[in-house]
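Take a look at the structure set out below.
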Amino acid sequence: MRIIFTRDFMALILSVAVVGLGSGATLPLTALALIQAGYGIDVVGLLSAAQAGGGLLIAPLTGWITRRYGSRQVIMGAVLCAGLSTLLMQATANLFVWGILRVLCGAALMLLFTIGEAWVNQLASDTNRGRVVALYATNFTLFQMAGPVLVSQIEDFTQWRFALCGVIFLCALPVLMMIRAAPHMTSASETHGSWRHVLPQMPAIVIGTGFFALFDTIALSLMPLFAMEHGIDSRTAVLFASALLLGDTTMQLPIGWLADRLGRERVHLGSAVVVVLLLPLLPWAVSSPWICWPLLFVLGAAAGAIYTLSLVACGERFRGTALVSASSMVGAAWCIASFGGPLITGSLMKHAGNDAMIAVLLVAALAFLTAAIWEKRRALPRSTF
């Protein structure tokens with residue numbers, strides 16, 4: 001069955017592209033502005049943590065907020081909040097105010113991603129869910145990757161660079177207004193739709209999301225250090241992250257198609273097995289470019305598939321408000337892993353050597369594989385809530 005590109009789906013994809021570009025630009029721009037102002041890496045980390053904290057604060061309330069105000073109103077309000085909180089950073093240099101604005105932006109982005117992921121799962125059918133979710137994830141990743149490029153072009157325009165990023169967020173509003181009907185996000189029981197009921201039904205989804213958040217963050221921040229420790233020059237070491245992201249971005253649609261044909265569980269487990277087998281080979285492959293670059297590409301594709309197919313699993317397993325709550329748990333897992341994971345990994349690399357990075361990622365991948373096998377044997381039923 002072909003993917004049906006409805007007006008609502010295309011509007012959602014376009015709005016997510018705009019949000020991806022805005023979020024991909026805002027984080028590096030904030031770090032750049034702080035460094036240029038003379039602040040240290042600790043302050044940059046603190047404001048990054050503030051944004052992650054905003055997401056964690058709002059995650060348990062996402063289902064209730066969506067039921068109370070409706071998905072269309074919430075997602076448009078979240079876009080407005082993300083845009084204004086970024087735009088207002090142009091009006092002040094006060095770190096306390098910036099911290100509050102980052103918390104608000106983090107909460108807004110959590111709502112956007114949670115409802116967007118639930119929304120795209122509702123627009124998909126069981127026969128094409130893998131391809132539809134993969135297209136959604138690929139689209140967001142591509143535009144998020146373009147964010148740092150935008151920052152490199154506007155970094156010298158200090159008088160309006162945050163204002164421009166804020167306006168980019170706001171450009172999503174007219175696109176969202178094209179959507180004719182909001183998805184049905186109600187459930188027969190608010191209790192069954194709450195995160196307390198949903199969380200025990202999705203251990204592999206949560207762990208899989210945490211693994212990829214850790215993988216994604218480490219690829220951007222610590223992978224170049226790992227490569228340089230193995231004798232790679234700094235300019236080439238930075239490209240290690242690019243190779244991983246290239247595999248992630250380009251292969252999600254083919255993997256989604258494969259999941260629709262062979263079954264999501266089978267491809268999900270297969271992706272985890274590929275990651276577990278390839279990770280220990282990386283220290284050995286670094287010195288051989290003909291092996292290293294293809295290995296990084298395949299590793300990025302398989303790691304990305306663990307996250308994409310976790311989103312697909314949410315759509316298979318949950319409906320209505322339960323789906324929104326499940327998506328919020330996915331977002332919370334991402335925030336926790338992307339915040340705490342690099343701190344732990346960096347400390348281990350400092351005291352035990354840079355190959356500790358491989359050990360951390362391998363443990364996380366094995367945790368997901370174990371949880372996925374346990375879920376398969378337990379045969380968790382699909383939620384009808």
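So you can find residues: chains in the structure tokens are A, B, ... in the order shown, residues in each start at 1, and ligands are numbered from 1 in order.
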
Requested in this report: List the neighbours of stretch 72-86 of chain A out to 6 Å using only C-alpha atoms; skip same-chain residues closer than 2 positions along the sequence, and give me the result as a PyMOL selection string.
Outcome: chain A and resi 70+88-89+101+105+108+112+166+169-170+182

Could you dump the residues just selected with all heavy atoms as an mmCIF file, in the first residue's frame?
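Below you can see part.cif, which holds the result:
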data_model
loop_
_atom_site.group_PDB
_atom_site.id
_atom_site.type_symbol
_atom_site.label_atom_id
_atom_site.label_comp_id
_atom_site.auth_asym_id
_atom_site.auth_seq_id
_atom_site.Cartn_x
_atom_site.Cartn_y
_atom_site.Cartn_z
ATOM 1 N N GLY A 70 -7.384 20.306 23.863
ATOM 2 C CA GLY A 70 -7.436 19.851 22.480
ATOM 3 C C GLY A 70 -6.073 19.922 21.819
ATOM 4 O O GLY A 70 -5.304 20.858 22.040
ATOM 5 N N LEU A 88 12.366 36.572 22.690
ATOM 6 C CA LEU A 88 12.608 37.450 23.838
ATOM 7 C C LEU A 88 14.045 37.390 24.342
ATOM 8 O O LEU A 88 14.483 38.291 25.064
ATOM 9 C CB LEU A 88 11.636 37.105 24.967
ATOM 10 C CG LEU A 88 10.177 37.518 24.740
ATOM 11 C CD1 LEU A 88 9.277 36.967 25.827
ATOM 12 C CD2 LEU A 88 10.063 39.039 24.675
ATOM 13 N N MET A 89 14.778 36.344 23.966
ATOM 14 C CA MET A 89 16.190 36.286 24.349
ATOM 15 C C MET A 89 16.980 37.411 23.696
ATOM 16 O O MET A 89 18.068 37.761 24.158
ATOM 17 C CB MET A 89 16.779 34.926 23.975
ATOM 18 C CG MET A 89 16.216 33.778 24.792
ATOM 19 S SD MET A 89 16.903 32.162 24.337
ATOM 20 C CE MET A 89 18.575 32.311 24.969
ATOM 21 N N LEU A 101 13.347 31.482 30.148
ATOM 22 C CA LEU A 101 12.922 31.361 28.757
ATOM 23 C C LEU A 101 13.300 30.000 28.178
ATOM 24 O O LEU A 101 12.548 29.421 27.383
ATOM 25 C CB LEU A 101 13.551 32.476 27.916
ATOM 26 C CG LEU A 101 13.065 33.900 28.223
ATOM 27 C CD1 LEU A 101 13.874 34.923 27.436
ATOM 28 C CD2 LEU A 101 11.573 34.049 27.912
ATOM 29 N N CYS A 105 10.774 27.236 26.683
ATOM 30 C CA CYS A 105 10.993 26.681 25.350
ATOM 31 C C CYS A 105 11.069 25.157 25.403
ATOM 32 O O CYS A 105 10.510 24.467 24.541
ATOM 33 C CB CYS A 105 12.265 27.262 24.741
ATOM 34 S SG CYS A 105 12.526 26.810 23.009
ATOM 35 N N ALA A 108 7.596 23.791 25.793
ATOM 36 C CA ALA A 108 6.851 23.929 24.542
ATOM 37 C C ALA A 108 7.297 22.890 23.520
ATOM 38 O O ALA A 108 6.467 22.272 22.831
ATOM 39 C CB ALA A 108 7.027 25.337 23.981
ATOM 40 N N LEU A 112 5.209 19.958 21.594
ATOM 41 C CA LEU A 112 5.216 19.868 20.131
ATOM 42 C C LEU A 112 5.598 18.472 19.663
ATOM 43 O O LEU A 112 4.905 17.868 18.821
ATOM 44 C CB LEU A 112 6.212 20.881 19.558
ATOM 45 C CG LEU A 112 5.737 22.326 19.430
ATOM 46 C CD1 LEU A 112 6.921 23.237 19.161
ATOM 47 C CD2 LEU A 112 4.731 22.445 18.299
ATOM 48 N N GLY A 166 13.302 32.976 16.544
ATOM 49 C CA GLY A 166 11.936 32.999 17.067
ATOM 50 C C GLY A 166 10.913 33.093 15.952
ATOM 51 O O GLY A 166 9.868 32.413 15.976
ATOM 52 N N PHE A 169 10.183 29.743 14.225
ATOM 53 C CA PHE A 169 9.169 28.954 14.916
ATOM 54 C C PHE A 169 7.764 29.426 14.544
ATOM 55 O O PHE A 169 6.874 28.620 14.250
ATOM 56 C CB PHE A 169 9.340 29.062 16.436
ATOM 57 C CG PHE A 169 10.406 28.182 17.008
ATOM 58 C CD1 PHE A 169 11.557 28.714 17.567
ATOM 59 C CD2 PHE A 169 10.263 26.808 17.006
ATOM 60 C CE1 PHE A 169 12.541 27.909 18.103
ATOM 61 C CE2 PHE A 169 11.239 25.977 17.542
ATOM 62 C CZ PHE A 169 12.385 26.535 18.093
ATOM 63 N N LEU A 170 7.557 30.724 14.567
ATOM 64 C CA LEU A 170 6.223 31.282 14.323
ATOM 65 C C LEU A 170 5.735 31.011 12.904
ATOM 66 O O LEU A 170 4.527 31.007 12.650
ATOM 67 C CB LEU A 170 6.226 32.785 14.603
ATOM 68 C CG LEU A 170 6.571 33.192 16.041
ATOM 69 C CD1 LEU A 170 6.564 34.714 16.189
ATOM 70 C CD2 LEU A 170 5.600 32.564 17.036
ATOM 71 N N ALA A 182 -8.339 18.091 13.765
ATOM 72 C CA ALA A 182 -7.371 17.619 14.755
ATOM 73 C C ALA A 182 -7.600 16.136 15.002
ATOM 74 O O ALA A 182 -8.710 15.630 14.860
ATOM 75 C CB ALA A 182 -7.535 18.402 16.060
#

Just the residues within 6 Å of A:Leu296, please, counting only C-alpha atoms, with nothing from its chain fewer than 2 positions along; format it as a PDB file with N, CA and C atoms, in the first residue's frame.
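And here's part-v1.pdb as it stands now:
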ATOM      1  N   ALA A 243      29.172  11.005   9.536  1.00  0.00           N
ATOM      2  CA  ALA A 243      28.922   9.688   8.950  1.00  0.00           C
ATOM      3  C   ALA A 243      27.798   8.961   9.679  1.00  0.00           C
ATOM      4  N   LEU A 244      27.782   9.046  10.995  1.00  0.00           N
ATOM      5  CA  LEU A 244      26.704   8.433  11.775  1.00  0.00           C
ATOM      6  C   LEU A 244      25.356   9.068  11.442  1.00  0.00           C
ATOM      7  N   TRP A 293      34.409   3.977   7.679  1.00  0.00           N
ATOM      8  CA  TRP A 293      33.325   4.823   7.193  1.00  0.00           C
ATOM      9  C   TRP A 293      32.049   4.043   6.899  1.00  0.00           C
ATOM     10  N   PRO A 294      32.117   2.881   6.207  1.00  0.00           N
ATOM     11  CA  PRO A 294      30.889   2.084   6.050  1.00  0.00           C
ATOM     12  C   PRO A 294      30.317   1.609   7.382  1.00  0.00           C
ATOM     13  N   VAL A 298      26.465   2.354   8.659  1.00  0.00           N
ATOM     14  CA  VAL A 298      25.516   1.294   9.029  1.00  0.00           C
ATOM     15  C   VAL A 298      25.137   1.403  10.504  1.00  0.00           C
ATOM     16  N   LEU A 299      26.101   1.728  11.346  1.00  0.00           N
ATOM     17  CA  LEU A 299      25.832   1.879  12.774  1.00  0.00           C
ATOM     18  C   LEU A 299      24.831   3.009  13.014  1.00  0.00           C
TER      19      LEU A 299
END

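The nearest approach to A:Gln252 among the residues A:Ala49, A:Leu281, A:Leu32, A:Ala305, with only C-alpha atoms taken into account, belongs to A:Ala305.
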
Query raised in the report: With only C-alpha atoms as the atoms that count, which of A:Ala259, A:Thr92, A:Ala332, A:Leu21 lies nearest to A:Gly106?
Result: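 For A:Gly106, the nearest of the given residues is A:Ala332.
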
Report task. Within 12 Å of A:Arg266, counting only C-alpha atoms, which residues show up once you throw out same-chain ones fewer than 4 positions away? Write them as a VMD selection string, please. Result -> chain A and resid 255 to 256 258 to 262 270 to 273 305 to 306 309 313 369 372 to 373 376

Would you mind exporting the chosen residues as a compact mmCIF listing (two decimals), in the first residue's frame, restricted to all heavy atoms?
# COMPACT_ATOMS: atom_id res chain seq x y z
N ILE A 255 14.36 1.48 5.94
CA ILE A 255 14.13 0.61 7.10
C ILE A 255 12.66 0.60 7.47
O ILE A 255 12.10 -0.44 7.84
CB ILE A 255 15.01 1.05 8.28
CG1 ILE A 255 16.49 0.76 7.97
CG2 ILE A 255 14.61 0.34 9.57
CD1 ILE A 255 17.47 1.33 8.98
N GLY A 256 11.97 1.76 7.36
CA GLY A 256 10.54 1.80 7.61
C GLY A 256 9.77 0.93 6.63
O GLY A 256 8.82 0.23 7.01
N LEU A 258 10.99 -1.68 5.14
CA LEU A 258 11.30 -3.06 5.52
C LEU A 258 10.45 -3.50 6.71
O LEU A 258 9.96 -4.65 6.75
CB LEU A 258 12.78 -3.17 5.86
CG LEU A 258 13.39 -4.57 5.90
CD1 LEU A 258 13.35 -5.21 4.53
CD2 LEU A 258 14.83 -4.49 6.41
N ALA A 259 10.25 -2.59 7.67
CA ALA A 259 9.43 -2.91 8.84
C ALA A 259 7.98 -3.18 8.44
O ALA A 259 7.32 -4.06 9.00
CB ALA A 259 9.50 -1.78 9.85
N ASP A 260 7.47 -2.41 7.47
CA ASP A 260 6.10 -2.64 7.00
C ASP A 260 5.97 -3.99 6.30
O ASP A 260 4.91 -4.63 6.33
CB ASP A 260 5.68 -1.53 6.03
CG ASP A 260 5.44 -0.20 6.74
OD1 ASP A 260 5.14 -0.22 7.95
OD2 ASP A 260 5.55 0.85 6.08
N ARG A 261 7.04 -4.44 5.65
CA ARG A 261 7.00 -5.70 4.91
C ARG A 261 7.27 -6.91 5.80
O ARG A 261 6.59 -7.94 5.70
CB ARG A 261 8.02 -5.67 3.77
CG ARG A 261 7.69 -4.71 2.64
CD ARG A 261 6.36 -5.09 1.99
NE ARG A 261 6.03 -4.20 0.88
CZ ARG A 261 6.31 -4.45 -0.39
NH1 ARG A 261 6.98 -5.54 -0.70
NH2 ARG A 261 5.95 -3.61 -1.33
N LEU A 262 8.28 -6.81 6.66
CA LEU A 262 8.71 -7.96 7.45
C LEU A 262 8.14 -7.98 8.86
O LEU A 262 8.23 -9.01 9.54
CB LEU A 262 10.25 -7.99 7.54
CG LEU A 262 11.01 -8.08 6.22
CD1 LEU A 262 12.51 -8.13 6.48
CD2 LEU A 262 10.57 -9.29 5.41
N GLY A 270 16.37 -6.81 14.91
CA GLY A 270 17.50 -6.91 14.01
C GLY A 270 18.40 -5.69 14.07
O GLY A 270 19.64 -5.80 14.04
N SER A 271 17.79 -4.50 14.19
CA SER A 271 18.57 -3.26 14.29
C SER A 271 19.42 -3.27 15.56
O SER A 271 20.59 -2.86 15.55
CB SER A 271 17.64 -2.05 14.29
OG SER A 271 16.89 -1.97 13.09
N ALA A 272 18.82 -3.73 16.66
CA ALA A 272 19.57 -3.80 17.92
C ALA A 272 20.73 -4.78 17.83
O ALA A 272 21.82 -4.51 18.34
CB ALA A 272 18.63 -4.20 19.06
N VAL A 273 20.51 -5.91 17.18
CA VAL A 273 21.58 -6.90 17.02
C VAL A 273 22.73 -6.31 16.20
O VAL A 273 23.92 -6.50 16.53
CB VAL A 273 21.03 -8.18 16.34
CG1 VAL A 273 22.17 -9.11 15.94
CG2 VAL A 273 20.06 -8.90 17.27
N ALA A 305 17.21 3.51 13.53
CA ALA A 305 16.04 2.65 13.37
C ALA A 305 15.46 2.23 14.72
O ALA A 305 14.24 2.05 14.85
CB ALA A 305 16.42 1.41 12.56
N ILE A 306 16.31 2.07 15.72
CA ILE A 306 15.80 1.72 17.05
C ILE A 306 14.84 2.79 17.55
O ILE A 306 13.77 2.49 18.10
CB ILE A 306 16.97 1.51 18.04
CG1 ILE A 306 17.74 0.25 17.68
CG2 ILE A 306 16.46 1.44 19.48
CD1 ILE A 306 18.97 0.00 18.54
N LEU A 309 11.55 3.03 15.05
CA LEU A 309 10.64 1.91 15.25
C LEU A 309 10.06 1.90 16.66
O LEU A 309 9.02 1.26 16.90
CB LEU A 309 11.34 0.60 14.93
CG LEU A 309 11.76 0.46 13.45
CD1 LEU A 309 12.50 -0.85 13.22
CD2 LEU A 309 10.55 0.57 12.53
N ALA A 313 6.18 1.59 17.32
CA ALA A 313 5.61 0.72 18.34
C ALA A 313 4.57 1.44 19.18
O ALA A 313 3.57 0.85 19.59
CB ALA A 313 6.72 0.16 19.24
N LEU A 369 17.93 -4.43 23.79
CA LEU A 369 17.72 -5.76 23.19
C LEU A 369 17.09 -6.71 24.20
O LEU A 369 16.16 -7.46 23.85
CB LEU A 369 19.07 -6.30 22.72
CG LEU A 369 19.04 -7.62 21.94
CD1 LEU A 369 18.17 -7.51 20.70
CD2 LEU A 369 20.46 -8.05 21.57
N ALA A 372 13.43 -5.71 24.64
CA ALA A 372 12.63 -6.03 23.46
C ALA A 372 12.33 -7.53 23.39
O ALA A 372 11.21 -7.94 23.06
CB ALA A 372 13.35 -5.58 22.20
N ILE A 373 13.32 -8.36 23.73
CA ILE A 373 13.11 -9.81 23.75
C ILE A 373 12.11 -10.18 24.83
O ILE A 373 11.22 -11.02 24.63
CB ILE A 373 14.44 -10.54 23.94
CG1 ILE A 373 15.34 -10.35 22.72
CG2 ILE A 373 14.22 -12.02 24.21
CD1 ILE A 373 16.75 -10.87 22.90
N LYS A 376 8.65 -9.29 23.65
CA LYS A 376 8.19 -10.21 22.62
C LYS A 376 7.69 -11.51 23.24
O LYS A 376 6.66 -12.06 22.84
CB LYS A 376 9.33 -10.49 21.64
CG LYS A 376 8.94 -11.37 20.46
CD LYS A 376 10.12 -11.51 19.51
CE LYS A 376 9.79 -12.46 18.36
NZ LYS A 376 8.68 -11.96 17.53

Query raised in the report: Any idea what's packed within 8 Å of A:Leu214, counting only C-alpha atoms, ignoring anything in its chain fewer than 5 positions away? Could you give it as an MDAnalysis selection string?
Result: chainID A and resid 334 337:338 341:342 361

I need the chosen residues saved as a PDB file, in the first residue's frame, with C-alpha atoms.
ATOM      1  CA  TRP A 334      15.040  11.458  25.503  1.00  0.00           C
ATOM      2  CA  ALA A 337      19.321  10.300  28.530  1.00  0.00           C
ATOM      3  CA  SER A 338      20.567  13.268  26.527  1.00  0.00           C
ATOM      4  CA  GLY A 341      24.229  10.265  29.607  1.00  0.00           C
ATOM      5  CA  PRO A 342      27.047  12.507  28.339  1.00  0.00           C
ATOM      6  CA  LEU A 361      26.679   2.609  24.289  1.00  0.00           C
TER       7      LEU A 361
END

Query raised in the report: Leaving out A:Met145 and any residue of its chain fewer than 3 positions from it, which residues lie within 8 Å of it when counting only C-alpha atoms, given as a list of chain:residue names?
Result: A:Leu21, A:Gly24, A:Thr141, A:Leu142, A:Pro148, A:Val149

Could the residues in this selection be written to a file with N, CA, C and O atoms, as a PDB file, in the first residue's frame?
ATOM      1  N   LEU A  21      14.081  23.166  12.128  1.00  0.00           N
ATOM      2  CA  LEU A  21      15.057  24.193  11.791  1.00  0.00           C
ATOM      3  C   LEU A  21      15.249  25.161  12.957  1.00  0.00           C
ATOM      4  O   LEU A  21      16.381  25.518  13.314  1.00  0.00           O
ATOM      5  N   GLY A  24      17.017  23.310  15.870  1.00  0.00           N
ATOM      6  CA  GLY A  24      18.388  23.010  15.508  1.00  0.00           C
ATOM      7  C   GLY A  24      19.284  24.231  15.527  1.00  0.00           C
ATOM      8  O   GLY A  24      20.499  24.117  15.708  1.00  0.00           O
ATOM      9  N   THR A 141      14.891  15.450  11.204  1.00  0.00           N
ATOM     10  CA  THR A 141      16.339  15.376  11.361  1.00  0.00           C
ATOM     11  C   THR A 141      17.065  16.221  10.325  1.00  0.00           C
ATOM     12  O   THR A 141      18.034  16.920  10.633  1.00  0.00           O
ATOM     13  N   LEU A 142      16.596  16.168   9.073  1.00  0.00           N
ATOM     14  CA  LEU A 142      17.233  16.940   8.013  1.00  0.00           C
ATOM     15  C   LEU A 142      17.219  18.428   8.322  1.00  0.00           C
ATOM     16  O   LEU A 142      18.231  19.126   8.176  1.00  0.00           O
ATOM     17  N   PRO A 148      22.430  24.346  12.607  1.00  0.00           N
ATOM     18  CA  PRO A 148      23.780  24.896  12.797  1.00  0.00           C
ATOM     19  C   PRO A 148      24.311  25.634  11.569  1.00  0.00           C
ATOM     20  O   PRO A 148      25.092  26.587  11.706  1.00  0.00           O
ATOM     21  N   VAL A 149      23.909  25.198  10.379  1.00  0.00           N
ATOM     22  CA  VAL A 149      24.322  25.913   9.165  1.00  0.00           C
ATOM     23  C   VAL A 149      23.751  27.323   9.177  1.00  0.00           C
ATOM     24  O   VAL A 149      24.433  28.296   8.844  1.00  0.00           O
TER      25      VAL A 149
END

Query raised in the report: Could you pull out the alpha helix (DSSP H) residues of stretch 82-210 of chain A from DSSP and send them as an NGL selection string?
Result: :A and (82-87 or 95-123 or 129-154 or 161-170 or 172-176 or 195-198 or 203-210)

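Proximity ranking of A:Ile35, A:Leu109, A:Leu282, A:Leu362 relative to A:Val19 places A:Leu109 first, based on only C-alpha atoms.
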
Requested in this report: For A:Tyr307, list every protein, DNA or RNA residue within 7 Å, evaluated using only C-alpha atoms, and leave out those in the same chain fewer than 4 positions away; present the list as a PyMOL selection string.
Outcome: chain A and resi 208-209+212+311

Could you take the residues named above and write them with N, CA and C atoms, as a compact mmCIF listing (two decimals), in the first residue's frame?
# COMPACT_ATOMS: atom_id res chain seq x y z
N GLY A 208 14.73 2.03 24.37
CA GLY A 208 15.20 2.27 23.01
C GLY A 208 15.36 3.75 22.72
N THR A 209 14.40 4.56 23.18
CA THR A 209 14.52 6.01 23.01
C THR A 209 15.71 6.55 23.79
N PHE A 212 18.95 5.80 21.92
CA PHE A 212 19.26 6.64 20.76
C PHE A 212 19.56 8.07 21.18
N LEU A 311 8.94 4.73 17.93
CA LEU A 311 7.77 5.57 17.66
C LEU A 311 6.68 4.76 16.97

Requested in this report: Would you mind listing what lies within 7 Å of stretch 344-360 of chain A as a ChimeraX atom specification, with only C-alpha atoms counted and same-chain residues fewer than 3 positions away left out?
Outcome: /A:226,229,279-280,340-341,363-364

Atoms kept (N, CA, C and O atoms) for selection, written as a compact mmCIF listing (two decimals), in the first residue's frame:
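Result file selection-v8.txt:
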# COMPACT_ATOMS: atom_id res chain seq x y z
N PHE A 226 36.87 10.54 20.90
CA PHE A 226 37.22 9.13 20.78
C PHE A 226 38.10 8.89 19.55
O PHE A 226 39.12 8.19 19.62
N GLU A 229 41.66 10.27 20.01
CA GLU A 229 42.43 9.42 20.90
C GLU A 229 43.05 8.24 20.16
O GLU A 229 44.09 7.71 20.56
N LEU A 279 29.32 -2.14 17.41
CA LEU A 279 29.95 -1.23 18.37
C LEU A 279 31.33 -1.72 18.83
O LEU A 279 32.30 -0.93 18.84
N PRO A 280 31.49 -3.00 19.23
CA PRO A 280 32.82 -3.43 19.70
C PRO A 280 33.88 -3.40 18.60
O PRO A 280 35.08 -3.42 18.91
N GLY A 340 21.78 13.37 31.15
CA GLY A 340 22.63 12.66 32.09
C GLY A 340 23.67 11.76 31.44
O GLY A 340 24.77 11.58 31.98
N GLY A 341 23.33 11.21 30.26
CA GLY A 341 24.23 10.26 29.61
C GLY A 341 25.61 10.82 29.30
O GLY A 341 26.63 10.20 29.67
N VAL A 363 26.28 -1.17 26.56
CA VAL A 363 25.39 -1.53 27.68
C VAL A 363 23.97 -1.04 27.40
O VAL A 363 22.99 -1.76 27.63
N ALA A 364 23.84 0.19 26.89
CA ALA A 364 22.51 0.73 26.58
C ALA A 364 21.83 -0.08 25.49
O ALA A 364 20.63 -0.36 25.56

Query raised in the report: Closest to A:Met177 among A:Leu135, A:Leu14, A:Val103, A:Ala124, using only C-alpha atoms?
Result: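 Nearest to A:Met177: A:Leu14.
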
Query raised in the report: For A:Ala213, which of A:Asn121, A:Ala50, A:Leu57, A:Gly304 is the closest residue, counting only C-alpha atoms?
Result: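 Comparing A:Asn121, A:Ala50, A:Leu57, A:Gly304 against A:Ala213, the winner is A:Gly304.
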